[in-house]
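Trainee: Provided below: protein_6.txt, containing compact mmCIF, C-alpha atoms and all ligand atoms.
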```txt
# COMPACT_ATOMS: atom_id res chain seq x y z
CA MET A 1 6.49 28.64 76.97
CA ARG A 2 4.38 31.38 75.56
CA PRO A 3 4.03 34.31 77.90
CA MET A 4 0.62 35.90 77.55
CA SER A 5 -0.38 39.42 78.31
CA ALA A 6 -1.86 40.22 81.69
CA SER A 7 -5.20 40.95 80.04
CA ARG A 8 -5.29 37.52 78.43
CA HIS A 9 -4.60 35.96 81.81
CA ARG A 10 -7.44 37.94 83.37
CA LEU A 11 -9.67 36.70 80.55
CA PHE A 12 -8.63 33.09 81.20
CA ARG A 13 -9.27 33.46 84.93
CA ALA A 14 -12.70 34.95 84.27
CA GLY A 15 -13.41 32.16 81.78
CA PHE A 16 -12.50 29.41 84.22
CA ALA A 17 -14.60 31.05 86.93
CA ALA A 18 -17.59 31.40 84.58
CA ILE A 19 -17.37 27.80 83.40
CA THR A 20 -17.42 26.44 86.94
CA ALA A 21 -20.01 28.98 88.20
CA LEU A 22 -22.40 27.88 85.47
CA GLY A 23 -21.64 24.24 86.21
CA ALA A 24 -20.64 23.96 82.55
CA ASP A 25 -17.63 21.88 83.54
CA ARG A 26 -20.17 19.19 84.51
CA TRP A 27 -23.05 19.60 82.07
CA LEU A 28 -20.95 20.10 78.96
CA ALA A 29 -18.31 17.52 79.86
CA PRO A 30 -20.13 14.61 78.17
CA ILE A 31 -19.64 16.25 74.76
CA ALA A 32 -16.52 18.32 75.47
CA ARG A 33 -14.44 15.76 77.27
CA GLY A 34 -12.54 13.49 74.92
CA ARG A 35 -11.36 9.96 75.46
CA GLY A 36 -8.46 11.34 77.38
CA VAL A 37 -6.09 14.18 77.97
CA ILE A 38 -2.32 14.59 77.96
CA LEU A 39 -1.27 17.14 80.57
CA THR A 40 1.89 19.24 80.16
CA PHE A 41 4.07 20.29 83.07
CA HIS A 42 7.45 22.02 83.23
CA HIS A 43 8.81 23.04 86.65
CA VAL A 44 7.47 21.75 89.96
CA ARG A 45 8.90 23.67 92.91
CA PRO A 46 7.61 24.98 96.21
CA GLU A 47 8.98 28.54 96.03
CA PRO A 48 6.50 31.32 95.20
CA PRO A 49 7.39 33.36 92.07
CA GLU A 50 9.21 36.72 92.28
CA PRO A 51 7.26 39.89 91.32
CA PHE A 52 8.95 39.77 87.89
CA ALA A 53 8.49 36.15 86.77
CA PRO A 54 7.42 36.01 83.12
CA ASN A 55 7.96 32.24 83.02
CA ALA A 56 5.79 31.65 86.10
CA LEU A 57 3.19 29.96 83.90
CA LEU A 58 5.71 27.11 83.54
CA SER A 59 5.95 26.39 87.27
CA ILE A 60 3.50 24.83 89.71
CA THR A 61 3.92 23.86 93.36
CA PRO A 62 4.12 20.24 94.57
CA ALA A 63 0.88 20.91 96.47
CA PHE A 64 -0.92 21.86 93.25
CA LEU A 65 0.45 18.78 91.47
CA ASP A 66 -1.00 16.74 94.34
CA ARG A 67 -4.33 18.59 93.95
CA THR A 68 -4.28 17.90 90.18
CA LEU A 69 -3.79 14.16 90.72
CA THR A 70 -6.56 14.07 93.31
CA ARG A 71 -8.91 15.95 90.96
CA LEU A 72 -8.14 13.58 88.07
CA ARG A 73 -9.19 10.62 90.20
CA GLU A 74 -12.30 12.42 91.51
CA ARG A 75 -13.36 13.15 87.93
CA GLY A 76 -12.97 9.51 86.93
CA PHE A 77 -9.73 9.72 84.94
CA GLU A 78 -7.43 6.72 84.86
CA ILE A 79 -3.78 7.81 84.85
CA VAL A 80 -1.90 5.81 82.21
CA GLY A 81 1.54 5.92 80.60
CA LEU A 82 2.08 7.42 77.16
CA ASP A 83 2.69 3.93 75.73
CA ALA A 84 -1.00 3.15 76.30
CA VAL A 85 -2.29 6.07 74.20
CA PRO A 86 -2.33 4.52 70.68
CA ASP A 87 -4.42 1.56 71.86
CA ARG A 88 -6.69 3.77 73.93
CA LEU A 89 -7.41 5.99 70.93
CA ALA A 90 -8.05 3.01 68.64
CA ASP A 91 -10.17 1.05 71.14
CA PRO A 92 -13.68 0.56 69.66
CA ALA A 93 -15.14 0.31 73.16
CA PRO A 94 -13.41 2.97 75.26
CA GLY A 95 -13.74 2.71 79.00
CA ARG A 96 -12.99 5.40 81.56
CA PRO A 97 -11.30 8.59 80.30
CA PHE A 98 -7.54 8.52 80.63
CA ALA A 99 -4.94 11.09 81.59
CA VAL A 100 -1.24 11.11 80.73
CA LEU A 101 1.26 13.22 82.69
CA THR A 102 4.15 14.69 80.68
CA PHE A 103 7.04 16.86 81.85
CA ASP A 104 9.15 18.72 79.26
CA ASP A 105 12.86 19.66 79.21
CA GLY A 106 14.25 17.39 81.98
CA TYR A 107 14.33 19.67 85.01
CA ARG A 108 15.98 18.51 88.22
CA ASP A 109 13.01 19.85 90.21
CA ASN A 110 10.83 17.19 88.57
CA VAL A 111 12.80 14.53 90.46
CA ALA A 112 13.14 16.55 93.67
CA HIS A 113 9.57 17.84 93.93
CA ALA A 114 7.25 16.09 91.46
CA ARG A 115 8.45 12.51 91.71
CA PRO A 116 7.55 12.05 95.43
CA VAL A 117 4.00 13.32 94.74
CA LEU A 118 3.63 11.11 91.65
CA ALA A 119 4.94 8.09 93.56
CA ARG A 120 2.47 8.70 96.41
CA HIS A 121 -0.36 8.59 93.85
CA GLY A 122 1.11 5.59 92.03
CA ALA A 123 1.01 7.68 88.85
CA PRO A 124 3.10 6.83 85.78
CA TRP A 125 4.69 9.84 84.07
CA THR A 126 6.79 10.80 81.06
CA LEU A 127 9.89 12.98 81.04
CA PHE A 128 10.85 14.51 77.67
CA VAL A 129 14.63 14.88 77.61
CA THR A 130 16.65 17.37 75.54
CA GLY A 131 20.12 15.95 74.82
CA ASP A 132 22.07 19.20 75.13
CA PHE A 133 20.39 20.05 78.44
CA ALA A 134 21.40 16.66 79.87
CA ASP A 135 24.91 17.45 78.58
CA GLN A 136 24.60 20.56 80.81
CA ARG A 137 24.76 22.92 77.86
CA GLY A 138 22.35 24.23 75.26
CA ARG A 139 20.21 27.29 75.47
CA LEU A 140 17.16 27.58 77.73
CA TRP A 141 16.74 30.96 76.08
CA TRP A 142 13.37 31.85 77.64
CA ILE A 143 15.00 31.59 81.10
CA GLU A 144 18.12 33.46 79.92
CA LEU A 145 15.86 36.26 78.63
CA GLU A 146 14.07 36.43 81.98
CA ARG A 147 17.37 36.60 83.89
CA ALA A 148 18.83 39.22 81.57
CA VAL A 149 15.75 41.46 81.81
CA ALA A 150 15.78 41.02 85.60
CA ARG A 151 19.31 42.46 85.74
CA LEU A 152 19.10 45.14 83.03
CA ASP A 153 17.36 48.48 83.44
CA ARG A 154 16.97 48.90 79.68
CA VAL A 155 16.30 46.22 77.02
CA THR A 156 17.43 46.94 73.47
CA LEU A 157 17.47 44.78 70.34
CA ALA A 158 19.15 45.28 66.97
CA SER A 159 15.68 45.65 65.44
CA GLY A 160 15.34 48.97 67.26
CA LEU A 161 13.26 47.74 70.18
CA ASP A 162 14.15 49.85 73.20
CA CYS A 163 12.26 49.39 76.47
CA PRO A 164 12.90 50.67 79.98
CA ALA A 165 13.13 47.89 82.57
CA ARG A 166 13.56 49.59 85.93
CA ASP A 167 10.81 47.94 87.97
CA ALA A 168 8.76 44.74 87.84
CA ALA A 169 6.02 46.28 85.67
CA GLU A 170 8.49 47.71 83.14
CA LYS A 171 10.46 44.47 83.14
CA SER A 172 7.32 42.44 82.42
CA ALA A 173 6.44 44.75 79.51
CA ALA A 174 10.03 44.68 78.21
CA PHE A 175 10.17 40.88 78.41
CA GLU A 176 6.89 40.53 76.58
CA ALA A 177 7.94 42.97 73.83
CA ALA A 178 11.36 41.35 73.36
CA TYR A 179 9.87 37.85 73.45
CA ARG A 180 7.27 38.69 70.82
CA ALA A 181 9.81 40.41 68.56
CA LEU A 182 12.35 37.60 68.80
CA ARG A 183 9.84 34.78 68.29
CA ALA A 184 9.11 36.32 64.88
CA GLU A 185 12.81 36.09 63.92
CA THR A 186 14.90 33.12 62.83
CA GLU A 187 16.17 30.95 65.66
CA SER A 188 19.78 32.11 65.19
CA VAL A 189 18.76 35.78 65.51
CA LEU A 190 16.75 34.93 68.64
CA LEU A 191 19.69 33.07 70.20
CA ASP A 192 22.26 35.74 69.25
CA GLU A 193 20.14 38.60 70.54
CA ILE A 194 19.47 36.86 73.86
CA ALA A 195 23.16 35.96 74.18
CA GLY A 196 23.93 39.68 73.74
CA LEU A 197 21.42 40.64 76.44
CA CYS A 198 22.94 38.05 78.82
CA ARG A 199 26.44 39.46 78.32
CA ARG A 200 25.23 43.04 78.77
CA ALA A 201 23.56 41.85 81.99
CA GLY A 202 26.89 40.43 83.17
CA PHE A 203 26.54 36.67 82.71
CA GLU A 204 27.37 34.10 80.06
CA PRO A 205 24.55 32.47 78.08
CA GLY A 206 24.41 28.67 78.19
CA ALA A 207 24.88 28.20 81.94
CA VAL A 208 21.23 27.59 82.85
CA ALA A 209 21.13 23.89 81.91
CA GLU A 210 23.81 22.96 84.42
CA GLU A 211 21.86 24.66 87.18
CA LEU A 212 18.39 23.36 86.32
CA CYS A 213 18.55 20.20 84.21
CA LEU A 214 19.12 16.56 85.06
CA THR A 215 22.49 15.07 84.04
CA TRP A 216 22.78 11.77 82.18
CA ASP A 217 23.87 10.15 85.47
CA GLU A 218 20.70 11.39 87.15
CA LEU A 219 18.64 10.27 84.15
CA ARG A 220 20.20 6.79 84.30
CA THR A 221 19.10 6.51 87.93
CA LEU A 222 15.62 7.74 87.05
CA ALA A 223 15.43 5.31 84.12
CA ARG A 224 15.39 2.39 86.55
CA ASP A 225 11.97 3.54 87.81
CA PRO A 226 9.25 1.59 85.92
CA ALA A 227 6.78 4.46 86.55
CA VAL A 228 8.88 6.71 84.30
CA THR A 229 8.76 6.80 80.49
CA LEU A 230 11.59 8.70 78.82
CA GLY A 231 10.74 10.58 75.63
CA ALA A 232 12.77 12.61 73.13
CA HIS A 233 12.66 16.42 73.15
CA THR A 234 15.35 16.83 70.45
CA LEU A 235 19.08 17.51 70.80
CA SER A 236 19.16 21.30 71.06
CA HIS A 237 15.48 22.29 71.61
CA PRO A 238 15.02 24.12 68.28
CA MET A 239 11.74 25.39 66.89
CA LEU A 240 11.83 22.62 64.28
CA ALA A 241 9.56 24.26 61.72
CA LYS A 242 12.07 27.12 61.39
CA HIS A 243 14.81 24.73 60.21
CA ASP A 244 15.34 22.60 57.10
CA ALA A 245 14.02 19.05 56.98
CA ALA A 246 17.44 17.42 57.39
CA THR A 247 18.07 19.39 60.58
CA ALA A 248 14.62 18.63 61.97
CA ARG A 249 15.00 14.94 61.20
CA ARG A 250 18.45 14.77 62.79
CA GLU A 251 17.26 16.58 65.93
CA MET A 252 14.45 14.06 66.38
CA ALA A 253 16.31 10.87 65.40
CA GLU A 254 19.62 11.52 67.14
CA SER A 255 18.03 12.64 70.39
CA ARG A 256 16.18 9.32 70.55
CA VAL A 257 19.41 7.36 69.92
CA ARG A 258 21.28 9.43 72.50
CA ILE A 259 18.71 8.79 75.25
CA GLU A 260 18.56 5.08 74.40
CA THR A 261 22.37 4.78 74.45
CA GLU A 262 22.78 6.71 77.69
CA THR A 263 19.94 5.09 79.67
CA GLY A 264 19.32 1.71 78.07
CA ARG A 265 15.61 2.51 77.79
CA THR A 266 13.67 2.36 74.51
CA VAL A 267 12.32 5.76 73.41
CA ARG A 268 8.95 5.68 71.61
CA HIS A 269 7.65 9.22 72.03
CA LEU A 270 8.58 12.75 70.97
CA SER A 271 7.64 16.20 72.23
CA TYR A 272 8.14 19.08 69.78
CA PRO A 273 10.07 21.95 71.43
CA VAL A 274 7.84 25.00 71.99
CA GLY A 275 5.23 22.97 70.12
CA ASP A 276 2.96 25.70 68.75
CA PRO A 277 2.12 26.01 65.02
CA THR A 278 5.18 28.21 64.35
CA SER A 279 7.48 25.59 65.89
CA ALA A 280 6.04 22.27 64.69
CA GLY A 281 4.05 21.87 61.50
CA PRO A 282 2.82 19.20 59.08
CA ARG A 283 6.35 18.52 57.76
CA ASP A 284 7.55 17.79 61.30
CA PHE A 285 4.54 15.57 62.02
CA ALA A 286 5.39 13.56 58.87
CA LEU A 287 9.04 13.28 59.95
CA ALA A 288 8.06 11.96 63.39
CA ARG A 289 5.78 9.41 61.71
CA ASP A 290 8.54 8.35 59.25
CA LEU A 291 10.90 7.92 62.20
CA SER A 292 8.37 5.49 63.74
CA PHE A 293 7.69 7.35 66.95
CA ALA A 294 4.55 5.86 68.51
CA THR A 295 3.27 9.34 69.38
CA ALA A 296 4.47 12.93 69.14
CA VAL A 297 2.94 15.71 71.21
CA THR A 298 2.51 19.43 70.54
CA THR A 299 1.50 22.26 72.85
CA ARG A 300 -1.67 22.93 70.86
CA PRO A 301 -4.46 22.83 73.42
CA GLY A 302 -7.12 20.14 73.47
CA HIS A 303 -8.38 16.78 74.65
CA LEU A 304 -7.85 13.56 72.70
CA PHE A 305 -10.67 12.12 70.58
CA ALA A 306 -10.96 8.84 68.65
CA GLY A 307 -10.03 10.68 65.44
CA HIS A 308 -6.61 11.41 66.87
CA ALA A 309 -5.76 7.73 66.28
CA ALA A 310 -5.03 8.82 62.70
CA HIS A 311 -3.00 11.85 63.90
CA ARG A 312 -0.73 10.29 66.52
CA HIS A 313 2.16 12.59 65.58
CA ALA A 314 0.29 15.83 66.21
CA LEU A 315 -1.41 15.19 69.53
CA PRO A 316 -2.70 18.19 71.50
CA ARG A 317 -1.98 18.60 75.19
CA VAL A 318 -3.42 20.61 78.05
CA SER A 319 -0.91 22.74 79.94
CA VAL A 320 -1.32 22.95 83.69
CA ASN A 321 -0.55 26.66 84.00
CA GLY A 322 1.30 28.05 87.00
CA LEU A 323 -0.67 31.30 86.81
CA HIS A 324 -3.95 29.42 87.30
CA GLN A 325 -3.31 27.05 90.19
CA THR A 326 -6.99 26.91 91.18
CA ASP A 327 -9.70 24.27 91.41
CA ALA A 328 -11.78 26.25 88.91
CA ALA A 329 -9.02 26.15 86.31
CA LEU A 330 -8.48 22.42 86.83
CA ALA A 331 -12.19 21.61 86.63
CA SER A 332 -12.45 23.61 83.40
CA LEU A 333 -9.39 22.08 81.74
CA LEU A 334 -10.39 18.52 82.66
CA SER A 335 -13.94 19.09 81.40
CA GLY A 336 -12.68 19.98 77.93
CA VAL A 337 -15.12 22.92 77.81
CA PRO A 338 -12.48 25.62 77.14
CA PHE A 339 -11.42 23.68 74.02
CA LEU A 340 -14.94 22.94 72.81
CA ALA A 341 -15.10 25.65 70.15
CA TRP A 342 -11.52 24.97 69.12
CA ASN A 343 -11.95 21.21 68.82
CA ARG A 344 -15.26 21.42 66.95
CA GLY A 345 -14.23 24.35 64.81
CA ARG A 346 -10.88 22.97 63.81
CA ARG A 347 -11.94 19.35 63.83
CA LEU A 348 -9.03 17.57 65.48
CA ASN A 349 -6.74 20.53 66.08
CA VAL A 350 -4.01 19.10 63.89
CA GLY A 351 -3.83 21.83 61.28
ZN ZN A 401 10.75 22.24 75.94
```
Is it possible to give me this structure as structure tokens?

Mentor:
Amino acid sequence: MRPMSASRHRLFRAGFAAITALGADRWLAPIARGRGVILTFHHVRPEPPEPFAPNALLSITPAFLDRTLTRLRERGFEIVGLDAVPDRLADPAPGRPFAVLTFDDGYRDNVAHARPVLARHGAPWTLFVTGDFADQRGRLWWIELERAVARLDRVTLASGLDCPARDAAEKSAAFEAAYRALRAETESVLLDEIAGLCRRAGFEPGAVAEELCLTWDELRTLARDPAVTLGAHTLSHPMLAKHDAATARREMAESRVRIETETGRTVRHLSYPVGDPTSAGPRDFALARDLSFATAVTTRPGHLFAGHAAHRHALPRVSVNGLHQTDAALASLLSGVPFLAWNRGRRLNVG
């Protein structure tokens, strides 16, 4: 959920195009492609984005999900459940590369629009559930911020930020400025400021979950599907690294218990909310390990290599980005080439 500037997106698009034009997605894949890859998805819905849609990177169409699954098979990936990952990483004689499909936050559109596509492909998938969202409360603050900026013609924060927001271009700039400023603050400042913007825009914060997220009843129905793995995505979706250890531990442990109690399914996996280095760090990786999660996934980008067997609580993922729903982007991401420098330079991308 990290909006990027338009220039960065142009750079990404150019990068994907260059990688495929050079054929690098094929000739570098043998060294760049790891043993496997965990893909990250959020929303899957058919509607095209509005002109002002700063969270559009978090939404792909069912048709592009179908394309992604077809591409995975064409490129030789075996689609496996998250439970299989520890053994796959530790296997001394790895076979075909594997791909894991993960969906964060528990959106209703995942059942309405992704599940039929996944079922058609016989693909197992993991849904990471946030307890408060399933309770139809909690703060999907990045969506609240988008909705507030859409309605306001001026965006102001206590820090002094003051941006016009009269048309789509100004709104995009205002969203990006407010997002960047608030991400640098504590979580309570971020939540309070966005709550204030919501009220100024004429709606109450905290109503998004009821509209967009699966209820416990819906999750219980989904839990009967053997293709689905349910994972924990904390109770309230905090940026864990910004909170004390007791809070972080409670968020992880109690969300697992809640999902197990509500659905009757065992929960073995965790996804760190937001998941970048400012939101999940070494202390949180240690907590997830102490709590005996089999794996815990970040949003740090990269493929999985054998060395990740020793870092199962800080696994990188590859986000399938709604702003790049192209064959070139898919071929690049699945090749591992965009992460080559990162993976080699930072070893296993667990820092
Ligand atoms: Zn999330």

Trainee: Please identify every polymer residue within 7 Å of ligand ZN 401 (chain A), using all atoms listed in the file, and present the set as a list in words.

Mentor: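 Those residues are Asp104, Asp105, His233, His237, Pro273 and Val274 of chain A.
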
Trainee: Quick one: distance from CA of Ala114 in chain A to CA of Phe41 in chain A in Å, one decimal?

Mentor: 9.9 Å

Trainee: Given only C-alpha atoms, how would the per-residue table for range 102-200 of chain A near range 78-84 of chain A read, listing every residue at most 8 Å away with its closest atom pair and distance in Å to one decimal, sorted by chain and number, as a Markdown table?

Mentor:
```
| residue | atom | partner | partner_atom | distance |
| --- | --- | --- | --- | --- |
| A:Ala123 | CA | A:Ile79 | CA | 6.2 |
| A:Pro124 | CA | A:Gly81 | CA | 5.5 |
| A:Trp125 | CA | A:Gly81 | CA | 6.1 |
| A:Thr126 | CA | A:Leu82 | CA | 7.0 |
```

Trainee: For range 283-302 of chain A, I'd like the enclosing box, axis-aligned and padded by 5 Å on every side, reported as lines of an AutoDock Vina configuration file with centre and edge lengths in Å to one decimal.

Mentor:
```
center_x = 1.9
center_y = 14.2
center_z = 65.6
size_x = 28.0
size_y = 27.4
size_z = 25.7
```

Trainee: Report, in Å with one decimal, the straight-line distance from CA of Gly160 in chain A to CA of Arg8 in chain A.

Mentor: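 Computing the Euclidean distance for CA of Gly160 in chain A and CA of Arg8 in chain A yields 26.1 Å.
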
Trainee: Which residues of range 96-170 of chain A come within 9 Å of range 50-64 of chain A, and what is each one's closest atom pair and distance in Å (one decimal), counting only C-alpha atoms, sorted by chain and residue number, as a Markdown table?

Mentor:
```
| residue | atom | partner | partner_atom | distance |
| --- | --- | --- | --- | --- |
| A:His113 | CA | A:Pro62 | CA | 6.0 |
| A:Ala114 | CA | A:Pro62 | CA | 6.1 |
| A:Pro116 | CA | A:Pro62 | CA | 8.9 |
| A:Val117 | CA | A:Pro62 | CA | 6.9 |
| A:Trp142 | CA | A:Asn55 | CA | 7.6 |
| A:Ile143 | CA | A:Asn55 | CA | 7.3 |
| A:Glu146 | CA | A:Pro54 | CA | 6.8 |
| A:Ala150 | CA | A:Phe52 | CA | 7.3 |
| A:Asp167 | CA | A:Phe52 | CA | 8.4 |
| A:Ala168 | CA | A:Phe52 | CA | 5.0 |
| A:Ala169 | CA | A:Phe52 | CA | 7.5 |
```

Trainee: What is the CA of Ala32 in chain A to CA of Ser335 in chain A distance in Å?

Mentor: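 Here the two named atoms are 6.5 Å from each other.
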
Trainee: Quick one: residues within 9 Å of Ala232 in chain A, all atoms listed in the file counted, chain neighbours fewer than 3 positions away excluded, as a PyMOL selection string?

Mentor: chain A and resi 127-131+235+252-253+255-256+259+267-272

Trainee: From the list A:Arg137, A:Pro164, A:Ala286, A:Gly264, which residue is nearest Ala177 in chain A when using all atoms listed in the file?

Mentor: A:Pro164

Trainee: Here is a test: counting all atoms listed in the file, which residue of A:Asn110, A:Thr40, A:Ser159, A:Ser188 is nearest to Pro316 in chain A?

Mentor: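 Of A:Asn110, A:Thr40, A:Ser159, A:Ser188, the one nearest Pro316 in chain A is A:Thr40, counting all atoms listed in the file.
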
Trainee: Quick one: which range 256-306 of chain A residues come within 12 Å of range 198-219 of chain A, and what is the nearest atom pair for each with the distance in Å to one decimal, counting all atoms listed in the file, rows ordered by chain and ascending number, as a Markdown table?

Mentor:
```
| residue | atom | partner | partner_atom | distance |
| --- | --- | --- | --- | --- |
| A:Arg258 | CA | A:Trp216 | CA | 10.1 |
| A:Ile259 | CA | A:Trp216 | CA | 8.6 |
| A:Glu260 | CA | A:Leu219 | CA | 11.0 |
| A:Thr261 | CA | A:Trp216 | CA | 10.4 |
| A:Glu262 | CA | A:Trp216 | CA | 6.8 |
| A:Thr263 | CA | A:Leu219 | CA | 7.0 |
| A:Gly264 | CA | A:Leu219 | CA | 10.5 |
| A:Arg265 | CA | A:Leu219 | CA | 10.5 |
```

Trainee: Deliver the residues from the most recent selection as a file, using C-alpha atoms, as a compact mmCIF listing (two decimals), keeping the file's coordinate frame.

Mentor:
```
# COMPACT_ATOMS: atom_id res chain seq x y z
CA ARG A 258 21.28 9.43 72.50
CA ILE A 259 18.71 8.79 75.25
CA GLU A 260 18.56 5.08 74.40
CA THR A 261 22.37 4.78 74.45
CA GLU A 262 22.78 6.71 77.69
CA THR A 263 19.94 5.09 79.67
CA GLY A 264 19.32 1.71 78.07
CA ARG A 265 15.61 2.51 77.79
```

Trainee: With a distance cut-off of 7 Å and all atoms listed in the file, select the neighbouring residues of Ala174 in chain A, excluding the residue or stretch itself and same-chain residues fewer than 2 positions from it, and output the selection as a list in words.

Mentor: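 That gives Val155, Cys163, Pro164, Ala165, Glu170, Lys171, Ser172, Glu176, Ala177 and Ala178 of chain A.
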
Trainee: Counting only C-alpha atoms, which of A:Val320, A:Leu89, A:Leu72, A:Leu182 gets nearest to Phe103 in chain A?

Mentor: A:Val320

Trainee: Show which residues sit within 12 Å of Asp91 in chain A, as a list in words. Count all atoms listed in the file, and ignore same-chain residues fewer than 2 positions away.

Mentor: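 That gives Arg35, Ala84, Val85, Pro86, Asp87, Arg88, Leu89, Ala93, Pro94, Gly95, Arg96, Pro97, Phe305, Ala306, Gly307, His308 and Ala309 of chain A.
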
Trainee: Next, the residues of the selection above should be written as a CSV table (one decimal), keeping the file's coordinate frame with C-alpha atoms.

Mentor:
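Below you can see result29.csv, which holds the result:
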```
chain,number,residue,atom,x,y,z
A,35,ARG,CA,-11.4,10.0,75.5
A,84,ALA,CA,-1.0,3.2,76.3
A,85,VAL,CA,-2.3,6.1,74.2
A,86,PRO,CA,-2.3,4.5,70.7
A,87,ASP,CA,-4.4,1.6,71.9
A,88,ARG,CA,-6.7,3.8,73.9
A,89,LEU,CA,-7.4,6.0,70.9
A,93,ALA,CA,-15.1,0.3,73.2
A,94,PRO,CA,-13.4,3.0,75.3
A,95,GLY,CA,-13.7,2.7,79.0
A,96,ARG,CA,-13.0,5.4,81.6
A,97,PRO,CA,-11.3,8.6,80.3
A,305,PHE,CA,-10.7,12.1,70.6
A,306,ALA,CA,-11.0,8.8,68.6
A,307,GLY,CA,-10.0,10.7,65.4
A,308,HIS,CA,-6.6,11.4,66.9
A,309,ALA,CA,-5.8,7.7,66.3
```

Trainee: Pick the closest to Gly336 in chain A from A:His303, A:Arg115, A:His121, A:Arg73: which is it, counting all atoms listed in the file?

Mentor: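 Nearest to Gly336 in chain A: A:His303.
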
Trainee: Skipping near chain neighbours, those fewer than 3 positions away, what residues fall within 9 Å of His313 in chain A using all atoms listed in the file, listed as a short mmCIF file (atom, residue, chain, number, x, y, z; two decimals) with C-alpha atoms, in the frame of the given file?

Mentor:
```
data_model
loop_
_atom_site.label_atom_id
_atom_site.label_comp_id
_atom_site.auth_asym_id
_atom_site.auth_seq_id
_atom_site.Cartn_x
_atom_site.Cartn_y
_atom_site.Cartn_z
CA LEU A 270 8.58 12.75 70.97
CA ASP A 284 7.55 17.79 61.30
CA PHE A 285 4.54 15.57 62.02
CA ALA A 286 5.39 13.56 58.87
CA LEU A 287 9.04 13.28 59.95
CA ALA A 288 8.06 11.96 63.39
CA ARG A 289 5.78 9.41 61.71
CA PHE A 293 7.69 7.35 66.95
CA ALA A 294 4.55 5.86 68.51
CA THR A 295 3.27 9.34 69.38
CA ALA A 296 4.47 12.93 69.14
CA VAL A 297 2.94 15.71 71.21
CA THR A 298 2.51 19.43 70.54
CA HIS A 308 -6.61 11.41 66.87
CA ALA A 310 -5.03 8.82 62.70
#
```

Trainee: Which of these, A:Glu187, A:Asp25, A:Asp192, A:Glu254, has the shortest distance to Met239 in chain A once you count only C-alpha atoms?

Mentor: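 Under the stated criterion, the closest residue is A:Glu187.
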